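Q: Let me begin by handing over the structure; questions about it come next.
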Amino acid sequence: MEPSYSIFAQFEDYPYGAWKFKEGFDLSKINTVQLIDRTHDQGRVGDSLKAWYYYVDDVPHLRVVLEFCEGERYYKYSGWKRTFTQHLLYDVPLNKAKIEKIHDIFSDVIKTWYESHLRRDRDFLIKHLKKNYERGETFTQ
């Protein structure tokens, strides 16, 4: 998870004990939270569930995407780069965000993501995303 717990949390008994926010930590400074799959199995490096807020005409919006690596490619002048694709899970003005809807989406996507690990079949997750969610942007990194 990013940001890492070490940035915002102070544990009394790590990792399962009680914790509290660090003194002086300003939650408003965090605009992106992401859960990243660092498993090297089946090319999953960099697959992530990301949530962030952004502004359109001074109105805050919430966007949630699942981003996955589609592979690597060599570019003559910049070297090896990974190609990432995003699938848009949720995007609404913040005042219209419904926690129940977000919970339903997370439940659907995280269960499918986990099941794809159990099946050792990454395509299970990708097919689910393509079938049920709008494709977002594609970029290299």
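By order in the structure tokens, chains are A, B, ...; within a chain, residues start at 1; ligands start at 1, following the order shown.
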Using only C-alpha atoms, which protein or nucleic acid residues come within 12 Å of His128 (chain A)? Drop anything in the same chain fewer than 5 positions from it, and give the result as a list in words.
A: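 Counting only C-alpha atoms, the residues come to Leu66, His87, Leu89, Asp108, Val109, Ile110, Lys111, Thr112, Trp113, Glu115, Ser116, Asp121, Arg122, Asp123, Tyr133, Glu134 and Arg135 of chain A.
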Q: Just the residues within 12 Å of Val45 (chain A), please, counting only C-alpha atoms, with nothing from its chain fewer than 6 positions along; format it as a ChimeraX atom specification.
A: /A:36-39,67-72,82-84,122
Q: Could you pull out all residues of region 3-136 of chain A with a DSSP call of strand (DSSP E or B) and give them as a CSV table (one decimal) with N, CA and C atoms, in the first residue's frame?
A:
```
chain,number,residue,atom,x,y,z
A,9,ALA,N,1.4,6.2,10.2
A,9,ALA,CA,0.9,5.4,11.3
A,9,ALA,C,2.0,5.2,12.4
A,10,GLN,N,1.6,5.2,13.6
A,10,GLN,CA,2.5,4.9,14.7
A,10,GLN,C,1.9,3.7,15.5
A,11,PHE,N,2.6,2.5,15.4
A,11,PHE,CA,2.0,1.3,16.0
A,11,PHE,C,2.5,1.2,17.5
A,19,TRP,N,-2.9,1.3,16.6
A,19,TRP,CA,-2.1,2.3,16.0
A,19,TRP,C,-2.8,3.6,16.0
A,20,LYS,N,-2.1,4.7,15.8
A,20,LYS,CA,-2.7,6.0,15.7
A,20,LYS,C,-1.9,6.8,14.7
A,21,PHE,N,-2.5,7.9,14.2
A,21,PHE,CA,-1.8,8.8,13.3
A,21,PHE,C,-0.6,9.4,14.0
A,32,THR,N,-3.5,10.6,-3.2
A,32,THR,CA,-3.6,9.3,-3.9
A,32,THR,C,-3.3,8.2,-2.9
A,33,VAL,N,-4.1,7.1,-3.0
A,33,VAL,CA,-3.9,5.9,-2.2
A,33,VAL,C,-3.9,4.8,-3.2
A,34,GLN,N,-2.9,3.9,-3.1
A,34,GLN,CA,-2.9,2.7,-4.0
A,34,GLN,C,-2.4,1.4,-3.3
A,35,LEU,N,-3.1,0.4,-3.8
A,35,LEU,CA,-2.7,-1.0,-3.4
A,35,LEU,C,-2.0,-1.6,-4.6
A,36,ILE,N,-0.7,-2.0,-4.4
A,36,ILE,CA,0.1,-2.4,-5.5
A,36,ILE,C,0.4,-3.9,-5.3
A,37,ASP,N,0.3,-4.6,-6.4
A,37,ASP,CA,0.6,-6.1,-6.5
A,37,ASP,C,2.1,-6.1,-7.0
A,47,ASP,N,0.7,-4.0,-11.1
A,47,ASP,CA,-0.7,-3.9,-11.1
A,47,ASP,C,-1.2,-3.2,-9.8
A,48,SER,N,-2.1,-2.3,-9.9
A,48,SER,CA,-2.5,-1.6,-8.7
A,48,SER,C,-3.9,-1.0,-8.8
A,49,LEU,N,-4.5,-0.9,-7.6
A,49,LEU,CA,-5.8,-0.3,-7.4
A,49,LEU,C,-5.5,1.1,-6.9
A,50,LYS,N,-5.9,2.1,-7.6
A,50,LYS,CA,-5.6,3.5,-7.2
A,50,LYS,C,-6.8,4.3,-7.0
A,51,ALA,N,-6.8,5.1,-6.0
A,51,ALA,CA,-7.9,6.1,-5.8
A,51,ALA,C,-7.3,7.5,-5.5
A,52,TRP,N,-7.8,8.5,-6.2
A,52,TRP,CA,-7.3,9.8,-5.9
A,52,TRP,C,-8.4,10.9,-6.2
A,53,TYR,N,-8.1,12.0,-5.7
A,53,TYR,CA,-9.1,13.1,-6.0
A,53,TYR,C,-8.4,14.2,-6.8
A,54,TYR,N,-9.2,14.9,-7.6
A,54,TYR,CA,-8.7,15.9,-8.5
A,54,TYR,C,-9.8,17.0,-8.6
A,55,TYR,N,-9.5,18.1,-9.2
A,55,TYR,CA,-10.4,19.2,-9.3
A,55,TYR,C,-10.8,19.5,-10.7
A,56,VAL,N,-12.1,19.8,-11.0
A,56,VAL,CA,-12.6,20.2,-12.2
A,56,VAL,C,-13.4,21.5,-11.9
A,59,VAL,N,-14.3,22.0,-8.3
A,59,VAL,CA,-15.2,20.9,-7.7
A,59,VAL,C,-14.3,19.7,-7.6
A,60,PRO,N,-14.2,19.2,-6.3
A,60,PRO,CA,-13.4,18.0,-6.2
A,60,PRO,C,-14.1,16.7,-6.7
A,61,HIS,N,-13.3,15.9,-7.4
A,61,HIS,CA,-13.8,14.6,-7.9
A,61,HIS,C,-13.0,13.5,-7.3
A,62,LEU,N,-13.6,12.3,-7.3
A,62,LEU,CA,-12.9,11.1,-6.8
A,62,LEU,C,-12.9,10.1,-8.0
A,63,ARG,N,-11.7,9.6,-8.3
A,63,ARG,CA,-11.5,8.6,-9.3
A,63,ARG,C,-10.8,7.4,-8.8
A,64,VAL,N,-11.3,6.2,-9.2
A,64,VAL,CA,-10.7,4.9,-8.8
A,64,VAL,C,-10.5,4.1,-10.0
A,65,VAL,N,-9.3,3.6,-10.2
A,65,VAL,CA,-8.9,2.8,-11.4
A,65,VAL,C,-8.2,1.6,-10.9
A,66,LEU,N,-8.2,0.6,-11.8
A,66,LEU,CA,-7.3,-0.6,-11.6
A,66,LEU,C,-6.4,-0.5,-12.8
A,67,GLU,N,-5.1,-0.4,-12.5
A,67,GLU,CA,-4.1,-0.3,-13.5
A,67,GLU,C,-3.2,-1.5,-13.6
A,68,PHE,N,-2.9,-2.0,-14.8
A,68,PHE,CA,-2.1,-3.2,-14.9
A,68,PHE,C,-1.1,-3.1,-16.0
A,69,CYS,N,0.0,-3.8,-15.9
A,69,CYS,CA,1.1,-3.7,-16.9
A,69,CYS,C,0.7,-4.7,-18.0
A,70,GLU,N,0.8,-4.2,-19.2
A,70,GLU,CA,0.5,-5.1,-20.4
A,70,GLU,C,1.8,-5.7,-21.0
A,71,GLY,N,2.9,-5.3,-20.5
A,71,GLY,CA,4.1,-5.8,-21.0
A,71,GLY,C,5.2,-4.7,-21.2
A,72,GLU,N,6.3,-5.1,-21.7
A,72,GLU,CA,7.4,-4.2,-21.9
A,72,GLU,C,7.8,-4.1,-23.4
A,73,ARG,N,8.3,-3.0,-23.7
A,73,ARG,CA,8.7,-2.8,-25.1
A,73,ARG,C,10.0,-1.9,-25.1
A,74,TYR,N,10.9,-2.2,-26.1
A,74,TYR,CA,12.1,-1.4,-26.2
A,74,TYR,C,11.9,-0.2,-27.2
A,75,TYR,N,12.2,1.0,-26.7
A,75,TYR,CA,12.2,2.2,-27.5
A,75,TYR,C,13.6,2.6,-27.8
A,79,GLY,N,14.9,3.4,-24.3
A,79,GLY,CA,15.1,2.1,-23.7
A,79,GLY,C,13.9,1.4,-23.4
A,80,TRP,N,14.0,0.4,-22.4
A,80,TRP,CA,12.8,-0.4,-22.1
A,80,TRP,C,11.8,0.4,-21.3
A,81,LYS,N,10.5,0.2,-21.6
A,81,LYS,CA,9.4,0.9,-20.9
A,81,LYS,C,8.3,-0.1,-20.8
A,82,ARG,N,7.6,0.0,-19.6
A,82,ARG,CA,6.4,-0.8,-19.4
A,82,ARG,C,5.2,-0.1,-19.9
A,83,THR,N,4.2,-0.8,-20.5
A,83,THR,CA,3.0,-0.3,-21.0
A,83,THR,C,1.9,-0.6,-20.0
A,84,PHE,N,1.2,0.4,-19.5
A,84,PHE,CA,0.2,0.2,-18.5
A,84,PHE,C,-1.2,0.6,-19.1
A,85,THR,N,-2.2,-0.1,-18.7
A,85,THR,CA,-3.6,0.3,-19.1
A,85,THR,C,-4.4,0.4,-17.8
A,86,GLN,N,-5.3,1.4,-17.8
A,86,GLN,CA,-6.2,1.6,-16.7
A,86,GLN,C,-7.6,1.3,-17.1
A,87,HIS,N,-8.3,0.7,-16.1
A,87,HIS,CA,-9.8,0.6,-16.3
A,87,HIS,C,-10.5,1.4,-15.2
A,88,LEU,N,-11.4,2.2,-15.7
A,88,LEU,CA,-12.1,3.2,-14.8
A,88,LEU,C,-13.1,2.5,-14.0
A,89,LEU,N,-13.0,2.5,-12.7
A,89,LEU,CA,-13.9,1.8,-11.8
A,89,LEU,C,-15.0,2.7,-11.3
A,90,TYR,N,-14.6,4.0,-11.0
A,90,TYR,CA,-15.5,5.0,-10.3
A,90,TYR,C,-14.9,6.3,-10.6
A,91,ASP,N,-15.8,7.3,-11.0
A,91,ASP,CA,-15.3,8.7,-11.2
A,91,ASP,C,-16.6,9.6,-11.1
A,92,VAL,N,-16.6,10.3,-9.9
A,92,VAL,CA,-17.8,11.2,-9.7
A,92,VAL,C,-17.3,12.4,-8.9
A,93,PRO,N,-18.1,13.5,-8.9
A,93,PRO,CA,-17.8,14.6,-8.0
A,93,PRO,C,-17.9,14.1,-6.6
A,134,GLU,N,-15.1,0.4,-17.9
A,134,GLU,CA,-14.7,1.2,-19.0
A,134,GLU,C,-13.1,1.3,-19.1
A,135,ARG,N,-12.6,1.2,-20.2
A,135,ARG,CA,-11.1,1.3,-20.4
A,135,ARG,C,-10.8,2.7,-20.3
A,136,GLY,N,-9.7,3.0,-19.5
A,136,GLY,CA,-9.2,4.3,-19.3
A,136,GLY,C,-8.0,4.6,-20.3
```
Q: For a test of reading the model, state the distance in Å between CA of Phe25 (chain A) and CA of Ile7 (chain A), rounded to one decimal.
A: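 Taking CA of Phe25 (chain A) as the start and CA of Ile7 (chain A) as the end point, the length is 8.1 Å.
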Q: Looking at only C-alpha atoms, which of A:Lys127, A:Leu94, A:Gly17, A:Phe139 is the one that sits closest to Asp58 (chain A)?
A: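 Residue with the minimum atom-to-atom distance to Asp58 (chain A): A:Leu94.
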Q: For CA of Pro3 (chain A) and CA of Asp26 (chain A), determine how far apart the two atoms are, in Å to one decimal place.
A: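 Rounded to one decimal, the two atoms are 12.8 Å apart.
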Q: From a DSSP pass on the backbone, collect the residues of region 25-108 of chain A flagged as alpha helix (DSSP H) and hand them back as an MDAnalysis selection string.
A: chainID A and resid 99:108
Q: Let's have the selection written as an mmCIF file, in the first residue's frame, with C-alpha atoms.
A:
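Output below, filename part_8.cif:
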```cif
data_model
loop_
_atom_site.group_PDB
_atom_site.id
_atom_site.type_symbol
_atom_site.label_atom_id
_atom_site.label_comp_id
_atom_site.auth_asym_id
_atom_site.auth_seq_id
_atom_site.Cartn_x
_atom_site.Cartn_y
_atom_site.Cartn_z
ATOM 1 C CA ILE A 99 -19.414 4.717 -0.011
ATOM 2 C CA GLU A 100 -21.754 1.746 -0.615
ATOM 3 C CA LYS A 101 -21.047 1.889 -4.359
ATOM 4 C CA ILE A 102 -17.294 2.153 -3.753
ATOM 5 C CA HIS A 103 -17.499 -0.809 -1.375
ATOM 6 C CA ASP A 104 -19.381 -2.873 -3.994
ATOM 7 C CA ILE A 105 -16.774 -2.053 -6.648
ATOM 8 C CA PHE A 106 -13.859 -2.865 -4.332
ATOM 9 C CA SER A 107 -15.557 -6.100 -3.324
ATOM 10 C CA ASP A 108 -16.016 -7.118 -6.957
#
```
